[in-house]
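Undergrad: Pasting in a structure now, in structure tokens, and then I'll have a few things to ask.
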Amino acid sequence: MNASAQFAIAADCVFDGETLHHHAAVLVDGGRIAKIMSQADIGVSLAALPQGSWLVPGFVDLQVNGGGDVLFNDAPTAEAIFAIAAAHRKFGTTGLLPTLITDHPEKTAAAIAAVQEAMRREPAILGLHLEGPFLSREKPGVHDVARIRAPTPADLEALTAPRRGARVVTLAPEQVPAGVIERLVAADIRVCLGHSMATYAQTRAALAAGLTGFTHLFNAMRPLESREPGPIAAALETPGCWYGLIADGVHVDPAMLRLALRGLGNPMLVTDAMPPVGGSRMTFRLCGREISVREDRCVTDDGTLAGAFLDMASAVRNCVRLLGLSLPQALRLASVNPAAFLGLEVGRLAPGYRADMVALDPEKVEVQKTWIAGVETSDE
Ligand SMILES: [Zn+2]
């Protein structure tokens with residue numbers, strides 16, 4: 001379908017990110033949402049979804065290490081990014097940040113260049129997430145401790161150079177010199193706490209310096225404790241902050257996820273996905289270590305979790321089935337919230353927003369079709 005054409009999609013139910021519209025249609029013009037209207041009022045050609053299907057905002061995933069048997073750290077190229085995006089599109093992801101975990105400086109430079117090139121050709125690529133290397137050696141998770149380091153002036157120069165696209169940096173605030181968070185934020189980078197042993201006081205100072213996010217809240221950070229509440233308490237009590245949650249039922253107990261949903265900040269679903277998601281091979285290598293999928297989790301030989309075997313549709317489904325959210329509530333965590341964190345006009349079916357849409361079976365929470373900027377992608 002031509003991206004510039006005007007067309008409409010009718011569905012038994014349209015969820016725009018806020019409200020459910022029954023027997024409605026979404027009018028798309030030039031790759032953007034024009035309006036939501038009653039099916040009877042549509043004057044242009046109308047494509048109807050199967051009976052019972054919902055039309056919902058496309059999912060936005062801030063943390064994608066890999067997919068389709070490709071690991072971004074292994075291949076920081078535009079082609080690798082396209083393969084990863086194609087794998088995740090099948091599960092409703094219409095916008096994502098390829099995520100580079102802690103690696104050598106040359107890898108970071110290659111990742112930055114690859115994302116710039118990929119963004120010119122693939123609208124699903126919204127920017128870049130650098131998870132590390134400025135992390136705590138006490139909370140490396142699967143990151144290579146030998147590559148964790150403090151930022152140099154050259155690092156900051158490279159990170160803050162003007163570029164297109166959204167940029168997220170995950171760091172441990174207690175491991176970076178004073179002024180680093182402010183400098184990144186001033187360059188319009190979203191700074192998230194992650195892989196960190198920051199105390200509550202250090203976290204509050206980082207929030208005051210402009211940190212706005214928390215990467216995979218609960219995982220790889222100082223735990224919640226009675227006399228040292230750490231980053232988790234600071235996140236949950238801060239209105240306007242954002243936290244990524246891995247809702248696979250493995251990384252975080254459902255009871256802790258429900259606690260996060262009662263916090264004052266804004267929860268967002270992330271997959272932290274690894275190459276087996278949308279791929280065919282159930283093993284891969286990460287920083288020289290063999291990782292395999294066992295019981296729906298990616299683990300090293302010693303059982304350390306190494307990212308997730310999770311796609312966005314499954315994360316939404318888990319929010320409904322494990323956490324008791326309504327489907328609209330779960331969908332917001334996968335679309336409205338991450339898009340708002342990045343400040344992008346995606347993640348809603350509202351006038352002027354990019355026409356990133358998912359046709360969904362609401363019972364099974366399975367993706368039937370996707371559109372990115374008004375272009376149907378299921379047939380590609
Ligand atoms: Zn991580």
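Scheme for the structure tokens: letters A, B, ... for chains in order shown; per-chain residue numbers from 1; ligand numbers from 1 in order shown.
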Would you mind listing what lies within 6 Å of segment 59-75 of chain A as a ChimeraX atom specification, with only C-alpha atoms counted and same-chain residues fewer than 3 positions away left out?
TA: /A:84,87,92-100,270,272-279,334-335
Undergrad: May I have the residues from that selection written out with N, CA and C atoms, as a PDB file, in the first residue's frame?
TA:
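The resulting file, again-v2.pdb, is shown below:
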```
ATOM      1  N   ILE A  84      16.624  -7.777  12.926  1.00  0.00           N
ATOM      2  CA  ILE A  84      16.064  -7.747  14.285  1.00  0.00           C
ATOM      3  C   ILE A  84      14.666  -7.114  14.260  1.00  0.00           C
ATOM      4  N   ALA A  87      12.060  -9.449  12.827  1.00  0.00           N
ATOM      5  CA  ALA A  87      11.689 -10.525  13.759  1.00  0.00           C
ATOM      6  C   ALA A  87      10.676 -10.027  14.778  1.00  0.00           C
ATOM      7  N   GLY A  92       4.206  -7.474  16.872  1.00  0.00           N
ATOM      8  CA  GLY A  92       3.524  -6.204  17.088  1.00  0.00           C
ATOM      9  C   GLY A  92       4.421  -5.015  17.352  1.00  0.00           C
ATOM     10  N   THR A  93       5.741  -5.210  17.349  1.00  0.00           N
ATOM     11  CA  THR A  93       6.641  -4.090  17.610  1.00  0.00           C
ATOM     12  C   THR A  93       6.830  -3.280  16.331  1.00  0.00           C
ATOM     13  N   THR A  94       6.389  -2.041  16.380  1.00  0.00           N
ATOM     14  CA  THR A  94       6.493  -1.169  15.202  1.00  0.00           C
ATOM     15  C   THR A  94       7.513  -0.055  15.409  1.00  0.00           C
ATOM     16  N   GLY A  95       8.108  -0.007  16.594  1.00  0.00           N
ATOM     17  CA  GLY A  95       9.167   0.964  16.865  1.00  0.00           C
ATOM     18  C   GLY A  95      10.085   0.386  17.930  1.00  0.00           C
ATOM     19  N   LEU A  96      11.392   0.477  17.730  1.00  0.00           N
ATOM     20  CA  LEU A  96      12.293  -0.119  18.727  1.00  0.00           C
ATOM     21  C   LEU A  96      13.620   0.621  18.766  1.00  0.00           C
ATOM     22  N   LEU A  97      14.305   0.407  19.872  1.00  0.00           N
ATOM     23  CA  LEU A  97      15.677   0.889  20.025  1.00  0.00           C
ATOM     24  C   LEU A  97      16.599  -0.329  20.043  1.00  0.00           C
ATOM     25  N   PRO A  98      17.401  -0.526  18.986  1.00  0.00           N
ATOM     26  CA  PRO A  98      18.430  -1.560  19.089  1.00  0.00           C
ATOM     27  C   PRO A  98      19.290  -1.231  20.301  1.00  0.00           C
ATOM     28  N   THR A  99      19.617  -2.260  21.082  1.00  0.00           N
ATOM     29  CA  THR A  99      20.284  -2.031  22.361  1.00  0.00           C
ATOM     30  C   THR A  99      21.633  -2.731  22.388  1.00  0.00           C
ATOM     31  N   LEU A 100      22.672  -1.915  22.548  1.00  0.00           N
ATOM     32  CA  LEU A 100      24.038  -2.443  22.643  1.00  0.00           C
ATOM     33  C   LEU A 100      24.387  -2.568  24.107  1.00  0.00           C
ATOM     34  N   VAL A 270       9.323  -3.775  28.399  1.00  0.00           N
ATOM     35  CA  VAL A 270      10.469  -3.972  27.505  1.00  0.00           C
ATOM     36  C   VAL A 270      10.659  -5.480  27.367  1.00  0.00           C
ATOM     37  N   ASP A 272      13.935  -6.848  26.448  1.00  0.00           N
ATOM     38  CA  ASP A 272      15.336  -7.245  26.690  1.00  0.00           C
ATOM     39  C   ASP A 272      15.649  -8.473  25.830  1.00  0.00           C
ATOM     40  N   ALA A 273      15.094  -8.490  24.623  1.00  0.00           N
ATOM     41  CA  ALA A 273      15.079  -9.705  23.792  1.00  0.00           C
ATOM     42  C   ALA A 273      16.455 -10.064  23.259  1.00  0.00           C
ATOM     43  N   MET A 274      16.644 -11.335  23.140  1.00  0.00           N
ATOM     44  CA  MET A 274      17.877 -11.917  22.612  1.00  0.00           C
ATOM     45  C   MET A 274      17.605 -12.589  21.249  1.00  0.00           C
ATOM     46  N   PRO A 275      18.648 -13.059  20.554  1.00  0.00           N
ATOM     47  CA  PRO A 275      18.481 -13.565  19.189  1.00  0.00           C
ATOM     48  C   PRO A 275      17.407 -14.641  18.991  1.00  0.00           C
ATOM     49  N   PRO A 276      17.170 -15.551  19.961  1.00  0.00           N
ATOM     50  CA  PRO A 276      16.166 -16.590  19.685  1.00  0.00           C
ATOM     51  C   PRO A 276      14.743 -16.058  19.477  1.00  0.00           C
ATOM     52  N   VAL A 277      14.446 -14.821  19.921  1.00  0.00           N
ATOM     53  CA  VAL A 277      13.092 -14.286  19.730  1.00  0.00           C
ATOM     54  C   VAL A 277      12.847 -14.083  18.229  1.00  0.00           C
ATOM     55  N   GLY A 278      11.860 -14.780  17.711  1.00  0.00           N
ATOM     56  CA  GLY A 278      11.576 -14.697  16.274  1.00  0.00           C
ATOM     57  C   GLY A 278      12.634 -15.387  15.431  1.00  0.00           C
ATOM     58  N   GLY A 279      13.461 -16.183  16.060  1.00  0.00           N
ATOM     59  CA  GLY A 279      14.506 -16.898  15.329  1.00  0.00           C
ATOM     60  C   GLY A 279      14.262 -18.392  15.356  1.00  0.00           C
ATOM     61  N   ALA A 334       2.765  -1.018  26.640  1.00  0.00           N
ATOM     62  CA  ALA A 334       3.596  -1.421  25.500  1.00  0.00           C
ATOM     63  C   ALA A 334       3.664  -0.360  24.407  1.00  0.00           C
ATOM     64  N   SER A 335       2.868   0.690  24.548  1.00  0.00           N
ATOM     65  CA  SER A 335       2.810   1.652  23.440  1.00  0.00           C
ATOM     66  C   SER A 335       2.830   3.099  23.943  1.00  0.00           C
TER      67      SER A 335
END
```
Undergrad: Kindly assemble as JSON lines a list of the chain A residues that lie within 8 Å of ligand 1, each paired with its nearest atom pair and their distance in Å to one decimal, using only C-alpha atoms and all ligand atoms, sorted first by chain and then by ascending residue number.
TA:
```
{"residue": "A:Ile101", "atom": "CA", "partner": "ligand 1", "partner_atom_place_in_ligand_line": "1 (Zn)", "distance": 7.5}
{"residue": "A:Glu131", "atom": "CA", "partner": "ligand 1", "partner_atom_place_in_ligand_line": "1 (Zn)", "distance": 6.7}
{"residue": "A:Pro140", "atom": "CA", "partner": "ligand 1", "partner_atom_place_in_ligand_line": "1 (Zn)", "distance": 7.9}
{"residue": "A:Gly141", "atom": "CA", "partner": "ligand 1", "partner_atom_place_in_ligand_line": "1 (Zn)", "distance": 6.6}
{"residue": "A:Val142", "atom": "CA", "partner": "ligand 1", "partner_atom_place_in_ligand_line": "1 (Zn)", "distance": 7.6}
{"residue": "A:His143", "atom": "CA", "partner": "ligand 1", "partner_atom_place_in_ligand_line": "1 (Zn)", "distance": 7.6}
{"residue": "A:Gly194", "atom": "CA", "partner": "ligand 1", "partner_atom_place_in_ligand_line": "1 (Zn)", "distance": 6.8}
{"residue": "A:His195", "atom": "CA", "partner": "ligand 1", "partner_atom_place_in_ligand_line": "1 (Zn)", "distance": 6.4}
{"residue": "A:Thr215", "atom": "CA", "partner": "ligand 1", "partner_atom_place_in_ligand_line": "1 (Zn)", "distance": 7.0}
{"residue": "A:His216", "atom": "CA", "partner": "ligand 1", "partner_atom_place_in_ligand_line": "1 (Zn)", "distance": 6.7}
{"residue": "A:Asn219", "atom": "CA", "partner": "ligand 1", "partner_atom_place_in_ligand_line": "1 (Zn)", "distance": 7.5}
{"residue": "A:Ala220", "atom": "CA", "partner": "ligand 1", "partner_atom_place_in_ligand_line": "1 (Zn)", "distance": 6.8}
{"residue": "A:Asp272", "atom": "CA", "partner": "ligand 1", "partner_atom_place_in_ligand_line": "1 (Zn)", "distance": 7.4}
{"residue": "A:Gly307", "atom": "CA", "partner": "ligand 1", "partner_atom_place_in_ligand_line": "1 (Zn)", "distance": 6.9}
```
Undergrad: For Leu323 of chain A, please output as JSON, numbers by chain all residues within 8 Å (counting only C-alpha atoms; exclusion window: fewer than 6 positions along the same chain).
TA: {"A": [254, 255, 257, 258]}
Undergrad: For Met197 of chain A, which residue among A:Thr212, A:Thr377, A:Ser38, A:Ser136 is the nearest when counting only C-alpha atoms?
TA: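 Of A:Thr212, A:Thr377, A:Ser38, A:Ser136, the one nearest Met197 of chain A, counting only C-alpha atoms, is A:Ser136.
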Undergrad: Give the answer as one residue: which of A:Met37, A:Ala330, A:Leu360, A:Ala83 has the shortest atom-to-atom distance to Leu49 of chain A, using only C-alpha atoms?
TA: A:Leu360
Undergrad: What does the distance from atom CA of Val28 of chain A to atom CA of Gly58 of chain A come to in Å, to one decimal?
TA: 14.3 Å
Undergrad: Which is closest to Leu211 of chain A among A:Phe341, A:Thr160, A:Arg121, A:Asp12, if we use only C-alpha atoms?
TA: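 Once distances to Leu211 of chain A are computed over only C-alpha atoms, the minimum belongs to A:Phe341.
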Undergrad: Mind the document's chain letters and residue numbers, and return as an NGL selection string the residues of segment 229-366 of chain A that DSSP labels strand (DSSP E or B).
TA: :A and (242-245 or 266-269 or 273 or 283-286 or 289-294 or 297-299 or 305 or 308 or 354 or 357-361 or 366)
Undergrad: Near Val185 of chain A, within 8 Å and counting only C-alpha atoms, which residues show up once chain neighbours fewer than 5 positions away are dropped, as a list in words?
TA: Arg190, Val191, Gly210 and Leu211 of chain A
Undergrad: How would the residues just picked look written out with all heavy atoms as a PDB file, in the first residue's frame?
TA:
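Saved result, result-v3.pdb, follows:
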```pdb
ATOM      1  N   ARG A 190      18.001  10.409  26.967  1.00  0.00           N
ATOM      2  CA  ARG A 190      17.283   9.915  28.140  1.00  0.00           C
ATOM      3  C   ARG A 190      18.252   9.059  28.950  1.00  0.00           C
ATOM      4  O   ARG A 190      18.808   8.089  28.417  1.00  0.00           O
ATOM      5  CB  ARG A 190      16.083   9.056  27.727  1.00  0.00           C
ATOM      6  CG  ARG A 190      15.077   9.756  26.813  1.00  0.00           C
ATOM      7  CD  ARG A 190      14.323  10.837  27.556  1.00  0.00           C
ATOM      8  NE  ARG A 190      13.239  11.386  26.738  1.00  0.00           N
ATOM      9  CZ  ARG A 190      13.362  12.368  25.854  1.00  0.00           C
ATOM     10  NH1 ARG A 190      14.552  12.929  25.636  1.00  0.00           N
ATOM     11  NH2 ARG A 190      12.328  12.811  25.175  1.00  0.00           N
ATOM     12  N   VAL A 191      18.455   9.430  30.208  1.00  0.00           N
ATOM     13  CA  VAL A 191      19.389   8.693  31.052  1.00  0.00           C
ATOM     14  C   VAL A 191      18.602   7.805  32.016  1.00  0.00           C
ATOM     15  O   VAL A 191      17.705   8.277  32.715  1.00  0.00           O
ATOM     16  CB  VAL A 191      20.313   9.645  31.832  1.00  0.00           C
ATOM     17  CG1 VAL A 191      21.265   8.860  32.737  1.00  0.00           C
ATOM     18  CG2 VAL A 191      21.111  10.518  30.855  1.00  0.00           C
ATOM     19  N   GLY A 210      18.644  14.954  36.407  1.00  0.00           N
ATOM     20  CA  GLY A 210      17.976  14.808  35.114  1.00  0.00           C
ATOM     21  C   GLY A 210      17.725  13.381  34.674  1.00  0.00           C
ATOM     22  O   GLY A 210      17.133  13.148  33.618  1.00  0.00           O
ATOM     23  N   LEU A 211      18.174  12.412  35.476  1.00  0.00           N
ATOM     24  CA  LEU A 211      17.850  11.015  35.159  1.00  0.00           C
ATOM     25  C   LEU A 211      16.340  10.828  35.213  1.00  0.00           C
ATOM     26  O   LEU A 211      15.692  11.320  36.143  1.00  0.00           O
ATOM     27  CB  LEU A 211      18.554  10.097  36.165  1.00  0.00           C
ATOM     28  CG  LEU A 211      18.341   8.590  36.010  1.00  0.00           C
ATOM     29  CD1 LEU A 211      19.683   7.860  36.175  1.00  0.00           C
ATOM     30  CD2 LEU A 211      17.347   8.031  37.010  1.00  0.00           C
TER      31      LEU A 211
END
```
Undergrad: Counting only C-alpha atoms, which residue out of A:Ala339, A:Cys192, A:Met268, A:Val293 sits closest to Arg281 of chain A?
TA: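 Closest candidate: A:Val293.
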Undergrad: Within 12 Å of Gly31 of chain A, counting only C-alpha atoms, which residues show up once you throw out same-chain ones fewer than 2 positions away? Write them as number ranges by chain, please.
TA: A: 1-8, 26-29, 33-34, 123, 346, 349, 351-357, 371-376
Undergrad: Write out as a PyMOL selection string which residues come within 8 Å of segment 146-155 of chain A when counting only C-alpha atoms, dropping same-chain ones fewer than 2 positions away.
TA: chain A and resi 102-105+132-137+143-144+157-159+175-176
Undergrad: List the neighbours of Val316 of chain A out to 12 Å using only C-alpha atoms; skip same-chain residues closer than 2 positions along the sequence, and give me the result as a PyMOL selection string.
TA: chain A and resi 58-61+91-93+245-249+268-271+310-314+318-335+360+362-367
Undergrad: Could you save those same residues with C-alpha atoms as a short mmCIF file (atom, residue, chain, number, x, y, z; two decimals), in the first residue's frame?
TA:
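Ended up saving to part05.cif:
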```cif
data_model
loop_
_atom_site.label_atom_id
_atom_site.label_comp_id
_atom_site.auth_asym_id
_atom_site.auth_seq_id
_atom_site.Cartn_x
_atom_site.Cartn_y
_atom_site.Cartn_z
CA GLY A 58 1.92 -0.51 17.56
CA PHE A 59 4.28 -1.54 20.34
CA VAL A 60 7.41 0.44 21.21
CA ASP A 61 10.28 -1.58 22.68
CA PHE A 91 4.93 -9.69 17.55
CA GLY A 92 3.52 -6.20 17.09
CA THR A 93 6.64 -4.09 17.61
CA LEU A 245 9.71 -4.01 33.27
CA ILE A 246 10.51 -7.44 31.88
CA ALA A 247 7.13 -9.14 32.20
CA ASP A 248 8.12 -12.67 31.30
CA GLY A 249 7.17 -14.08 34.71
CA MET A 268 6.80 0.43 30.41
CA LEU A 269 7.10 -3.06 28.98
CA VAL A 270 10.47 -3.97 27.51
CA THR A 271 11.54 -7.33 26.13
CA LEU A 310 10.28 -12.57 25.32
CA ASP A 311 8.36 -10.72 22.63
CA MET A 312 6.06 -7.73 23.15
CA ALA A 313 2.81 -9.59 22.42
CA SER A 314 3.75 -12.15 25.09
CA ASN A 318 1.45 -11.83 30.61
CA CYS A 319 0.23 -8.51 31.99
CA VAL A 320 -3.33 -9.67 31.44
CA ARG A 321 -2.89 -13.24 32.62
CA LEU A 322 -0.28 -12.90 35.39
CA LEU A 323 -1.00 -9.41 36.67
CA GLY A 324 -4.73 -9.10 36.12
CA LEU A 325 -4.59 -5.96 33.99
CA SER A 326 -7.29 -5.26 31.44
CA LEU A 327 -6.11 -5.54 27.85
CA PRO A 328 -6.25 -1.75 27.32
CA GLN A 329 -4.17 -1.19 30.47
CA ALA A 330 -1.60 -3.73 29.28
CA LEU A 331 -1.51 -2.24 25.78
CA ARG A 332 -0.73 1.21 27.19
CA LEU A 333 2.39 -0.17 28.88
CA ALA A 334 3.60 -1.42 25.50
CA SER A 335 2.81 1.65 23.44
CA LEU A 360 -4.87 -8.07 17.38
CA PRO A 362 -7.97 -9.79 21.86
CA GLU A 363 -8.62 -13.22 23.39
CA LYS A 364 -5.31 -14.85 22.53
CA VAL A 365 -3.43 -11.52 22.47
CA GLU A 366 -1.91 -12.54 19.16
CA VAL A 367 -0.82 -10.21 16.40
#
```
Undergrad: Among segment 45-105 of chain A, which residues carry a DSSP assignment of alpha helix (DSSP H), reported as a PyMOL selection string?
TA: chain A and resi 78-89+105
Undergrad: Atom CA of Leu207 of chain A to atom CA of Ala166 of chain A: how many Å, to one decimal?
TA: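 According to the coordinates, atom CA of Leu207 of chain A and atom CA of Ala166 of chain A are separated by 19.5 Å.
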Undergrad: Between atom CA of Arg204 of chain A and atom CA of Asn266 of chain A, what is the distance in Å, rounded to a tenth?
TA: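 Computed distance, atom CA of Arg204 of chain A to atom CA of Asn266 of chain A, equals 16.8 Å.
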